[in-house]
$ cat data09.txt   # compact mmCIF, C-alpha atoms
# COMPACT_ATOMS: atom_id res chain seq x y z
CA MET A 620 0.00 0.00 0.00
CA LYS A 621 1.37 3.42 -1.00
CA ILE A 622 0.38 6.52 0.93
CA THR A 623 1.12 10.22 0.56
CA PRO A 624 3.73 11.44 3.08
CA PHE A 625 2.12 13.04 6.13
CA ALA A 626 3.16 16.68 5.62
CA VAL A 627 2.44 18.05 9.10
CA GLU A 628 4.03 15.17 10.96
CA GLN A 629 7.15 15.19 8.77
CA TRP A 630 7.54 18.93 9.34
CA MET A 631 7.15 18.51 13.11
CA ASN A 632 9.57 15.60 13.18
CA GLU A 633 12.24 17.56 11.32
CA PHE A 634 12.18 20.78 13.34
CA GLU A 635 10.19 20.50 16.60
CA THR A 636 13.20 19.63 18.74
CA LYS A 637 15.35 22.34 17.12
CA CYS A 638 13.32 25.42 18.01
CA ARG A 639 13.44 27.82 20.96
CA HIS A 640 9.86 29.07 20.79
CA ASN A 641 7.40 26.36 19.76
CA LEU A 642 4.35 28.06 18.27
CA ALA A 643 3.50 24.96 16.26
CA GLU A 644 2.43 22.99 19.35
CA THR A 645 -1.21 21.91 19.10
CA CYS A 646 -1.85 20.71 22.67
CA VAL A 647 -2.95 22.86 25.58
CA ALA A 648 0.14 23.33 27.78
CA SER A 649 0.99 19.86 29.04
CA LEU A 650 0.19 18.74 32.57
CA THR A 651 2.77 17.12 34.80
CA ILE A 652 1.72 14.05 36.76
CA ALA A 653 2.01 16.15 39.91
CA GLU A 654 -0.39 18.73 38.45
CA LEU A 655 -2.81 16.01 37.42
CA LEU A 656 -2.83 14.57 40.92
CA GLU A 657 -3.33 18.04 42.39
CA LEU A 658 -6.28 18.70 40.07
CA SER A 659 -7.82 15.40 41.09
CA GLY A 660 -7.65 16.27 44.78
CA GLU A 661 -6.95 12.59 45.51
CA SER A 662 -3.15 12.29 45.35
CA ASP A 663 -2.69 9.77 48.15
CA ALA A 664 -5.55 7.53 47.01
CA ILE A 665 -4.35 7.57 43.40
CA LEU A 666 -0.77 6.75 44.33
CA GLY A 667 -2.11 3.94 46.46
CA GLN A 668 -3.80 2.50 43.38
CA LEU A 669 -0.83 3.10 41.10
CA LEU A 670 2.07 1.58 43.04
CA PRO A 671 0.70 -2.01 43.17
CA LEU A 672 -0.35 -1.87 39.50
CA ARG A 673 1.09 -4.90 37.75
CA MET A 674 2.72 -4.18 34.38
CA THR A 675 0.92 -6.79 32.32
CA TYR A 676 -1.28 -6.41 29.26
CA GLY A 677 -4.38 -4.41 30.06
CA ALA A 678 -7.97 -4.96 29.06
CA ILE A 679 -8.07 -5.37 25.30
CA GLU A 680 -10.85 -2.85 24.63
CA GLY A 681 -9.75 -0.56 27.46
CA SER A 682 -10.55 -0.96 31.13
CA ASP A 683 -14.16 -0.72 32.32
CA ARG A 684 -13.10 2.23 34.46
CA LEU A 685 -11.68 4.14 31.50
CA ARG A 686 -14.51 3.41 29.07
CA SER A 687 -17.04 4.44 31.73
CA ALA A 688 -15.20 7.74 32.18
CA ILE A 689 -15.08 8.34 28.42
CA ALA A 690 -18.81 7.59 28.08
CA GLU A 691 -19.52 10.40 30.58
CA LEU A 692 -18.25 12.92 28.00
CA TYR A 693 -21.32 12.19 25.89
CA ALA A 694 -25.02 12.77 26.53
CA ALA A 695 -26.30 9.24 26.07
CA ARG A 696 -23.45 6.78 25.58
CA SER A 697 -22.42 3.70 27.54
CA PRO A 698 -19.02 1.99 27.96
CA ALA A 699 -20.10 -0.51 25.31
CA ASP A 700 -20.11 2.34 22.77
CA VAL A 701 -16.40 3.07 23.36
CA LEU A 702 -13.23 1.45 22.00
CA VAL A 703 -9.88 2.63 23.39
CA THR A 704 -7.07 3.19 20.89
CA HIS A 705 -3.46 4.27 20.59
CA GLY A 706 -4.20 7.99 20.40
CA ALA A 707 -6.69 9.67 18.12
CA ILE A 708 -4.28 8.93 15.30
CA GLY A 709 -4.90 5.22 15.91
CA ALA A 710 -8.64 5.78 16.19
CA ASN A 711 -8.90 7.58 12.85
CA ALA A 712 -6.81 4.96 11.09
CA LEU A 713 -8.96 2.14 12.47
CA VAL A 714 -12.20 3.75 11.33
CA TYR A 715 -10.93 4.13 7.78
CA GLN A 716 -9.55 0.60 7.74
CA ALA A 717 -12.92 -0.67 8.97
CA LEU A 718 -15.19 1.32 6.67
CA ILE A 719 -13.48 2.34 3.43
CA ASP A 720 -12.78 -0.19 0.70
CA ALA A 721 -11.54 0.38 -2.85
CA GLY A 722 -14.14 2.32 -4.81
CA ASP A 723 -16.05 3.58 -1.76
CA ARG A 724 -16.98 7.26 -1.99
CA MET A 725 -16.61 9.68 0.92
CA VAL A 726 -16.47 13.43 1.49
CA SER A 727 -13.70 15.07 3.50
CA ILE A 728 -13.94 18.69 4.65
CA LEU A 729 -10.58 20.46 4.23
CA PRO A 730 -8.28 21.81 5.52
CA THR A 731 -8.04 19.10 8.13
CA TYR A 732 -5.70 16.54 9.61
CA GLN A 733 -4.25 14.66 6.64
CA GLN A 734 -5.42 11.26 7.88
CA HIS A 735 -8.95 12.21 6.83
CA TYR A 736 -8.16 12.04 3.14
CA SER A 737 -4.77 10.38 2.61
CA ILE A 738 -5.61 7.12 4.43
CA PRO A 739 -8.88 6.45 2.57
CA GLU A 740 -7.23 7.41 -0.73
CA SER A 741 -4.39 4.97 -0.04
CA GLN A 742 -7.02 2.23 0.34
CA GLY A 743 -8.58 3.02 -3.01
CA GLY A 744 -11.37 5.18 -1.64
CA VAL A 745 -12.76 8.01 -3.75
CA VAL A 746 -12.48 11.17 -1.65
CA ALA A 747 -14.47 14.25 -2.69
CA ARG A 748 -13.02 17.36 -1.05
CA LEU A 749 -15.04 20.27 0.27
CA HIS A 750 -12.75 23.26 0.85
CA LEU A 751 -13.49 25.68 3.67
CA ARG A 752 -13.23 29.39 2.84
CA PRO A 753 -12.35 32.35 5.06
CA GLU A 754 -15.32 34.36 3.76
CA ASN A 755 -17.54 31.69 5.39
CA ARG A 756 -15.49 31.88 8.59
CA TYR A 757 -14.16 28.45 7.63
CA LEU A 758 -17.56 26.78 8.03
CA PRO A 759 -18.69 24.34 5.32
CA ASP A 760 -20.92 25.54 2.52
CA LEU A 761 -23.93 23.29 3.12
CA GLU A 762 -25.19 23.61 -0.45
CA GLU A 763 -21.84 22.43 -1.74
CA LEU A 764 -21.93 19.57 0.75
CA ARG A 765 -25.38 18.54 -0.52
CA ARG A 766 -24.01 18.40 -4.06
CA LEU A 767 -21.05 16.27 -3.02
CA VAL A 768 -23.00 13.80 -0.87
CA ARG A 769 -24.52 11.60 -3.55
CA PRO A 770 -26.33 8.29 -3.18
CA GLY A 771 -23.75 5.68 -2.29
CA THR A 772 -21.57 8.08 -0.28
CA LYS A 773 -20.34 6.02 2.65
CA LEU A 774 -18.81 8.63 4.97
CA ILE A 775 -18.51 12.36 5.65
CA ALA A 776 -15.40 13.32 7.66
CA PHE A 777 -14.32 16.54 9.37
CA SER A 778 -12.66 17.88 12.50
CA ASN A 779 -14.79 19.87 14.95
CA PRO A 780 -13.36 22.17 16.24
CA ASN A 781 -11.44 22.42 13.00
CA ASN A 782 -7.70 21.93 12.72
CA PRO A 783 -6.09 24.21 11.46
CA THR A 784 -8.63 27.08 11.41
CA GLY A 785 -10.31 26.89 14.83
CA SER A 786 -13.81 27.13 13.34
CA LEU A 787 -16.61 25.42 15.24
CA MET A 788 -19.85 23.85 14.04
CA ASP A 789 -22.56 24.26 16.68
CA ARG A 790 -25.56 22.00 17.27
CA SER A 791 -27.76 23.51 14.58
CA PHE A 792 -24.98 23.30 12.00
CA LEU A 793 -24.22 19.68 12.89
CA GLU A 794 -27.92 18.84 12.64
CA GLU A 795 -27.90 20.11 9.05
CA ILE A 796 -24.97 17.82 8.26
CA VAL A 797 -26.81 14.93 9.90
CA ARG A 798 -29.83 15.54 7.64
CA ILE A 799 -27.59 15.49 4.59
CA ALA A 800 -25.84 12.29 5.70
CA ASP A 801 -29.07 10.57 6.69
CA GLY A 802 -30.50 11.23 3.26
CA VAL A 803 -28.02 8.76 1.75
CA GLY A 804 -27.34 6.58 4.82
CA ALA A 805 -23.76 7.83 5.23
CA TYR A 806 -21.72 7.62 8.40
CA VAL A 807 -20.33 10.89 9.83
CA LEU A 808 -16.87 10.90 11.42
CA SER A 809 -16.21 13.91 13.66
CA ASP A 810 -12.64 14.24 14.90
CA GLU A 811 -13.35 15.95 18.23
CA VAL A 812 -9.91 16.05 19.84
CA TYR A 813 -10.23 19.81 20.52
CA ARG A 814 -13.74 19.50 21.98
CA GLY A 815 -14.08 21.50 25.20
CA THR A 816 -11.75 24.37 24.24
CA THR A 817 -14.37 26.91 23.18
CA GLN A 818 -13.81 30.63 23.49
CA GLN A 819 -17.29 31.18 24.92
CA GLY A 820 -19.40 29.18 27.35
CA ASP A 821 -18.50 26.26 29.57
CA GLU A 822 -20.67 23.55 28.04
CA LEU A 823 -19.21 20.83 25.85
CA THR A 824 -20.07 21.26 22.19
CA PRO A 825 -22.57 18.56 21.18
CA SER A 826 -20.89 15.46 19.82
CA ILE A 827 -21.95 13.88 16.56
CA VAL A 828 -22.65 10.58 18.35
CA ASP A 829 -25.38 12.25 20.39
CA LEU A 830 -27.03 13.67 17.28
CA TYR A 831 -26.93 10.81 14.78
CA PRO A 832 -27.13 7.01 15.08
CA LYS A 833 -24.40 6.69 12.45
CA GLY A 834 -22.17 9.34 14.04
CA ILE A 835 -18.60 8.45 15.01
CA SER A 836 -16.72 10.57 17.55
CA ILE A 837 -12.92 10.47 17.81
CA GLY A 838 -11.40 11.67 21.08
CA SER A 839 -7.99 11.91 22.67
CA MET A 840 -6.14 12.76 25.86
CA SER A 841 -3.69 14.90 23.89
CA LYS A 842 -5.18 18.27 22.90
CA ALA A 843 -7.88 19.57 25.23
CA PHE A 844 -6.80 17.32 28.12
CA SER A 845 -3.08 18.27 27.99
CA LEU A 846 -1.84 14.68 28.31
CA ALA A 847 -0.34 13.82 24.92
CA GLY A 848 2.34 11.72 26.61
CA LEU A 849 -0.27 9.12 27.51
CA ARG A 850 -0.83 8.33 23.80
CA LEU A 851 -4.44 7.37 24.34
CA GLY A 852 -7.54 7.99 22.28
CA TRP A 853 -10.90 6.41 21.53
CA ILE A 854 -13.69 5.76 19.09
CA CYS A 855 -17.24 6.30 20.30
CA GLY A 856 -19.89 5.20 17.85
CA PRO A 857 -22.12 2.49 16.43
CA LYS A 858 -21.35 -1.00 17.65
CA GLU A 859 -20.94 -2.35 14.12
CA VAL A 860 -18.18 0.20 13.52
CA LEU A 861 -16.43 -0.71 16.78
CA ARG A 862 -16.60 -4.43 16.00
CA ALA A 863 -15.16 -3.87 12.52
CA ALA A 864 -12.41 -1.64 13.96
CA GLU A 865 -11.55 -4.29 16.56
CA VAL A 866 -10.66 -6.75 13.79
CA HIS A 867 -7.95 -4.37 12.55
CA ARG A 868 -6.98 -3.27 16.06
CA ASP A 869 -5.98 -6.83 16.96
CA TYR A 870 -3.20 -6.55 14.38
CA ASN A 871 -1.64 -3.30 15.61
CA THR A 872 -2.54 -2.57 19.23
CA ILE A 873 -3.61 -5.52 21.43
CA SER A 874 -4.08 -3.26 24.47
CA VAL A 875 -2.96 0.24 25.36
CA GLY A 876 -0.42 0.60 28.19
CA MET A 877 -1.57 0.04 31.75
CA ILE A 878 -0.11 3.41 32.81
CA ASP A 879 -1.84 5.19 29.93
CA ASP A 880 -5.17 3.59 30.80
CA PHE A 881 -4.78 4.34 34.51
CA PHE A 882 -3.85 8.03 34.27
CA SER A 883 -6.41 8.64 31.51
CA SER A 884 -9.06 7.23 33.85
CA VAL A 885 -7.92 9.55 36.63
CA ALA A 886 -7.96 12.57 34.31
CA LEU A 887 -11.37 11.87 32.81
CA GLU A 888 -12.94 11.29 36.22
CA HIS A 889 -12.04 14.97 36.76
CA TRP A 890 -12.48 16.15 33.18
CA ASP A 891 -14.37 19.30 34.13
CA ARG A 892 -11.43 20.64 36.18
CA ILE A 893 -8.97 19.93 33.39
CA LEU A 894 -11.16 21.63 30.80
CA GLN A 895 -11.59 24.66 33.07
CA ARG A 896 -7.79 24.97 33.05
CA SER A 897 -7.67 24.46 29.28
CA ARG A 898 -10.29 27.10 28.58
CA ARG A 899 -8.50 29.56 30.85
CA ILE A 900 -5.28 29.03 28.89
CA VAL A 901 -6.75 29.19 25.38
CA ARG A 902 -8.88 32.23 26.14
CA GLY A 903 -6.10 34.19 27.81
CA ASN A 904 -3.59 33.29 25.11
CA LEU A 905 -5.96 34.09 22.25
CA ALA A 906 -6.49 37.55 23.74
CA THR A 907 -2.71 38.02 23.68
CA LEU A 908 -2.51 36.78 20.09
CA GLU A 909 -5.36 39.07 19.04
CA ARG A 910 -3.61 42.14 20.47
CA TRP A 911 -0.45 41.17 18.61
CA ILE A 912 -2.29 40.73 15.30
CA ALA A 913 -3.97 44.14 15.72
CA ALA A 914 -0.51 45.71 15.95
CA GLU A 915 0.90 43.84 12.92
CA PRO A 916 -0.29 45.35 9.62
CA SER A 917 1.07 42.43 7.58
CA ILE A 918 -0.84 39.76 9.57
CA SER A 919 -4.55 38.95 9.54
CA TYR A 920 -6.78 36.07 10.61
CA VAL A 921 -10.28 34.76 11.07
CA ARG A 922 -10.77 34.63 14.83
CA PRO A 923 -11.09 31.00 15.98
CA ALA A 924 -14.17 29.96 17.93
CA ALA A 925 -12.46 27.02 19.62
CA GLY A 926 -9.39 24.81 19.66
CA THR A 927 -5.72 25.63 20.11
CA VAL A 928 -4.66 26.58 16.58
CA THR A 929 -5.53 29.08 13.88
CA LEU A 930 -4.26 30.30 10.53
CA LEU A 931 -2.29 33.54 10.27
CA ASN A 932 -2.33 35.15 6.83
CA TYR A 933 0.74 37.20 5.89
CA ALA A 934 1.07 39.91 3.25
CA PHE A 935 4.37 38.85 1.67
CA ASP A 936 5.12 37.17 -1.64
CA LEU A 937 6.88 34.27 0.03
CA PRO A 938 6.02 30.55 0.04
CA SER A 939 4.86 29.44 3.48
CA ARG A 940 7.59 26.83 3.85
CA GLN A 941 10.27 29.38 3.08
CA PHE A 942 8.62 31.83 5.49
CA CYS A 943 8.70 29.24 8.29
CA ARG A 944 12.27 28.10 7.60
CA ARG A 945 13.62 31.65 7.59
CA LEU A 946 11.68 32.48 10.74
CA LEU A 947 13.07 29.42 12.50
CA GLU A 948 16.65 30.03 11.37
CA GLN A 949 16.64 33.72 12.32
CA THR A 950 14.62 33.65 15.56
CA GLY A 951 14.10 30.08 16.75
CA VAL A 952 10.31 30.52 16.39
CA PHE A 953 8.52 27.47 15.01
CA PHE A 954 5.27 27.68 13.00
CA THR A 955 3.65 25.14 10.66
CA PRO A 956 3.61 26.21 6.99
CA GLY A 957 0.29 26.49 5.24
CA ASP A 958 1.49 24.18 2.50
CA ALA A 959 1.25 21.30 4.99
CA PHE A 960 -2.52 21.81 4.51
CA ASP A 961 -2.31 22.57 0.77
CA LEU A 962 -2.65 26.29 1.55
CA GLU A 963 -0.36 29.21 0.79
CA GLY A 964 0.07 32.72 2.12
CA CYS A 965 -0.49 31.55 5.68
CA VAL A 966 0.98 29.62 8.60
CA ARG A 967 -0.65 27.69 11.42
CA ILE A 968 0.06 28.93 14.92
CA GLY A 969 -0.54 26.94 18.09
CA TYR A 970 -1.40 29.46 20.79
CA ALA A 971 -2.12 27.20 23.78
CA ASN A 972 1.42 26.63 25.01
CA SER A 973 2.65 28.48 28.10
CA HIS A 974 1.93 32.20 28.00
CA ASP A 975 5.62 33.06 28.28
CA VAL A 976 6.45 30.94 25.21
CA LEU A 977 3.66 32.63 23.25
CA GLU A 978 4.66 36.17 24.21
CA GLU A 979 8.36 35.68 23.52
CA GLY A 980 7.63 33.87 20.25
CA LEU A 981 5.39 36.69 19.06
CA ARG A 982 8.00 39.32 19.97
CA GLU A 983 10.61 37.44 17.93
CA THR A 984 8.16 37.06 15.06
CA SER A 985 7.57 40.82 15.05
CA ARG A 986 11.30 41.38 14.67
CA PHE A 987 11.34 38.93 11.76
CA LEU A 988 8.42 40.69 10.08
CA ARG A 989 10.32 43.98 10.22
CA THR A 990 13.07 42.41 8.14
CA LEU A 991 10.55 41.28 5.52
CA GLU A 992 8.91 44.70 5.42
CA SER A 993 12.26 46.39 4.81
CA THR A 994 13.19 44.04 1.97
CA PRO A 995 12.33 45.40 -1.51
CA SER A 996 9.76 43.24 -3.30
$ encode --input "data09.txt" --output "structure tokens"
Amino acid sequence: MKITPFAVEQWMNEFETKCRHNLAETCVASLTIAELLELSGESDAILGQLLPLRMTYGAIEGSDRLRSAIAELYAARSPADVLVTHGAIGANALVYQALIDAGDRMVSILPTYQQHYSIPESQGGVVARLHLRPENRYLPDLEELRRLVRPGTKLIAFSNPNNPTGSLMDRSFLEEIVRIADGVGAYVLSDEVYRGTTQQGDELTPSIVDLYPKGISIGSMSKAFSLAGLRLGWICGPKEVLRAAEVHRDYNTISVGMIDDFFSSVALEHWDRILQRSRRIVRGNLATLERWIAAEPSISYVRPAAGTVTLLNYAFDLPSRQFCRRLLEQTGVFFTPGDAFDLEGCVRIGYANSHDVLEEGLRETSRFLRTLESTPS
């Protein structure tokens, strides 16, 4: 099987450890184990459970404790509706392996994480692409979606909140997509790894699995929950999808790590406290980013409604990869080039790292922009 190289991951792998100011990071500032225990308010009890934990294989589908905690993130799901995976990256791959065969048609809403079109294409799937536009605030054109979702379409896929734009489809918007999908019997995969990081309100955005019987939610401990080091994700969705995914999962996962399962359970039993922290960080940092953009005449953006990332448009005749390489070489600031998402004239910034990293990175970026502004075109 041949597959297109994963542009974002290859870029991160090449440069992430070589920067001084990482503004490409997509996770909310990572928690330490000590911070997690403090947030739980149960440090002694948790350590008492951890120390005798035997390092054997864990429960194949994920422990009952963990799947019960995950199910609580949804309005009407049970542990039986959840399959634990090796990160959201494993969850997405399993869904496509389970559902998309050669010749199957699906619609992917772009820009998005490259898994949502390159994996099904590598399997012989026919992927119709709906491109988000800034004039629509990076929300899908529903009329265009209706034209693309033809009889026989097997799946509609998107990220919500969107990576890399930070746009957010609310309940009413998702219900329109459900009506479109239901009209042809298509599944809907919603990659919801940034769910809970809204700029307004404290309620979780409705999940696709609570709106549509054929909805599939992908979740993760990495982004909103600040625990990427646990490498744990999940699929929540129809039982026939989980059973089909399990067949493939047996070949590449067996079980997730006992430590990953344990600390994910602890975190999700206190998910509201973690998301309060995450919202505080993303809202405070976005305010800082917004002030910086207002003072930079060569930079513009569409304000994100949720998530940890957004696109910054720049007013220079310079390919995005060259822009990012020069920025990194001259300042140590690390962005993701727009061309990793098949876009130009923009970069993706991750603004949910520590506030000090963001502020210093933006100061260095301003100095870099001055050099571009003084260079004759």
$ closest_residue --input "data09.txt" --among "A:Asp880, A:Glu859, A:Asp801, A:Glu963" --to "Leu669 of chain A" --atoms "only C-alpha atoms"
A:Asp880
$ residues_around --input "data09.txt" --residues "Thr772 of chain A" --least-positions-apart "6" --cutoff "7 Å" --atoms "only C-alpha atoms" --output "ChimeraX atom specification"
/A:724-725,803,805
$ write_last_selection --input "data09.txt" --atoms "C-alpha atoms" --output "compact mmCIF listing (two decimals), in the frame of the given file"
# COMPACT_ATOMS: atom_id res chain seq x y z
CA ARG A 724 -16.98 7.26 -1.99
CA MET A 725 -16.61 9.68 0.92
CA VAL A 803 -28.02 8.76 1.75
CA ALA A 805 -23.76 7.83 5.23
$ atom_distance --input "data09.txt" --atom1 "atom CA of Ala699 of chain A" --atom2 "atom CA of Ser687 of chain A"
8.7 Å
$ closest_residue --input "data09.txt" --among "A:Ala925, A:Val860, A:Val966, A:Ile835" --to "Arg940 of chain A" --atoms "only C-alpha atoms"
A:Val966
$ closest_residue --input "data09.txt" --among "A:Leu751, A:Ala864, A:Asp683, A:Arg639" --to "Val952 of chain A" --atoms "all atoms listed in the file"
A:Arg639
$ closest_residue --input "data09.txt" --among "A:Leu981, A:Ala886, A:Ala924, A:Ala971" --to "Asp789 of chain A" --atoms "only C-alpha atoms"
A:Ala924
$ atom_distance --input "data09.txt" --atom1 "atom CA of Val812 of chain A" --atom2 "atom CA of Pro832 of chain A"
20.0 Å
$ closest_residue --input "data09.txt" --among "A:Leu729, A:Ala690, A:Cys855, A:Ile873" --to "Asn711 of chain A" --atoms "all atoms listed in the file"
A:Cys855
$ closest_residue --input "data09.txt" --among "A:Ala843, A:Ile622, A:Leu764, A:Leu718" --to "Ser649 of chain A" --atoms "all atoms listed in the file"
A:Ala843
$ axis_aligned_box --input "data09.txt" --around "segment 889-901 of chain A" --padding-each-side "5 Å" --output "JSON"
{"center_x": -9.8, "center_y": 22.3, "center_z": 31.1, "size_x": 19.1, "size_y": 24.6, "size_z": 21.4}
$ atom_distance --input "data09.txt" --atom1 "atom CA of Ser836 of chain A" --atom2 "atom CA of Val746 of chain A"
19.7 Å
$ residues_around --input "data09.txt" --residues "Arg902 of chain A" --least-positions-apart "4" --cutoff "12 Å" --atoms "all atoms listed in the file" --output "compact mmCIF listing (two decimals) with C-alpha atoms, in the coordinates of the input"
# COMPACT_ATOMS: atom_id res chain seq x y z
CA VAL A 647 -2.95 22.86 25.58
CA GLY A 815 -14.08 21.50 25.20
CA THR A 816 -11.75 24.37 24.24
CA THR A 817 -14.37 26.91 23.18
CA GLN A 818 -13.81 30.63 23.49
CA GLN A 819 -17.29 31.18 24.92
CA GLY A 820 -19.40 29.18 27.35
CA ASP A 821 -18.50 26.26 29.57
CA LEU A 894 -11.16 21.63 30.80
CA GLN A 895 -11.59 24.66 33.07
CA ARG A 896 -7.79 24.97 33.05
CA SER A 897 -7.67 24.46 29.28
CA ARG A 898 -10.29 27.10 28.58
CA ALA A 906 -6.49 37.55 23.74
CA THR A 907 -2.71 38.02 23.68
CA LEU A 908 -2.51 36.78 20.09
CA GLU A 909 -5.36 39.07 19.04
CA ARG A 922 -10.77 34.63 14.83
CA PRO A 923 -11.09 31.00 15.98
CA ALA A 924 -14.17 29.96 17.93
CA ALA A 925 -12.46 27.02 19.62
CA GLY A 926 -9.39 24.81 19.66
CA THR A 927 -5.72 25.63 20.11
CA VAL A 928 -4.66 26.58 16.58
CA TYR A 970 -1.40 29.46 20.79
CA ALA A 971 -2.12 27.20 23.78
CA ASN A 972 1.42 26.63 25.01
CA HIS A 974 1.93 32.20 28.00
$ residues_around --input "data09.txt" --residues "segment 741-744 of chain A" --least-positions-apart "5" --cutoff "12 Å" --atoms "all atoms listed in the file" --output "list in words"
Met620, Lys621, Ile622, Thr623, Pro624, Ala712, Tyr715, Gln716, Ala717, Leu718, Ile719, Asp720, Ala721, Gly722, Asp723, Arg724, Met725, Val726, Ser727, Gln733, Gln734, His735, Tyr736, Thr772, Lys773 and Leu774 of chain A
$ residues_around --input "data09.txt" --residues "Arg868 of chain A" --least-positions-apart "6" --cutoff "10 Å" --atoms "only C-alpha atoms" --output "number ranges by chain"
A: 679-680, 702-705, 709-710, 712-714, 716-717, 861-862, 874
$ residues_around --input "data09.txt" --residues "Thr984 of chain A" --least-positions-apart "6" --cutoff "12 Å" --atoms "only C-alpha atoms" --output "PyMOL selection string"
chain A and resi 640-642+908+911-912+915+917-918+933+942-943+945-954+968+976-978+990-991
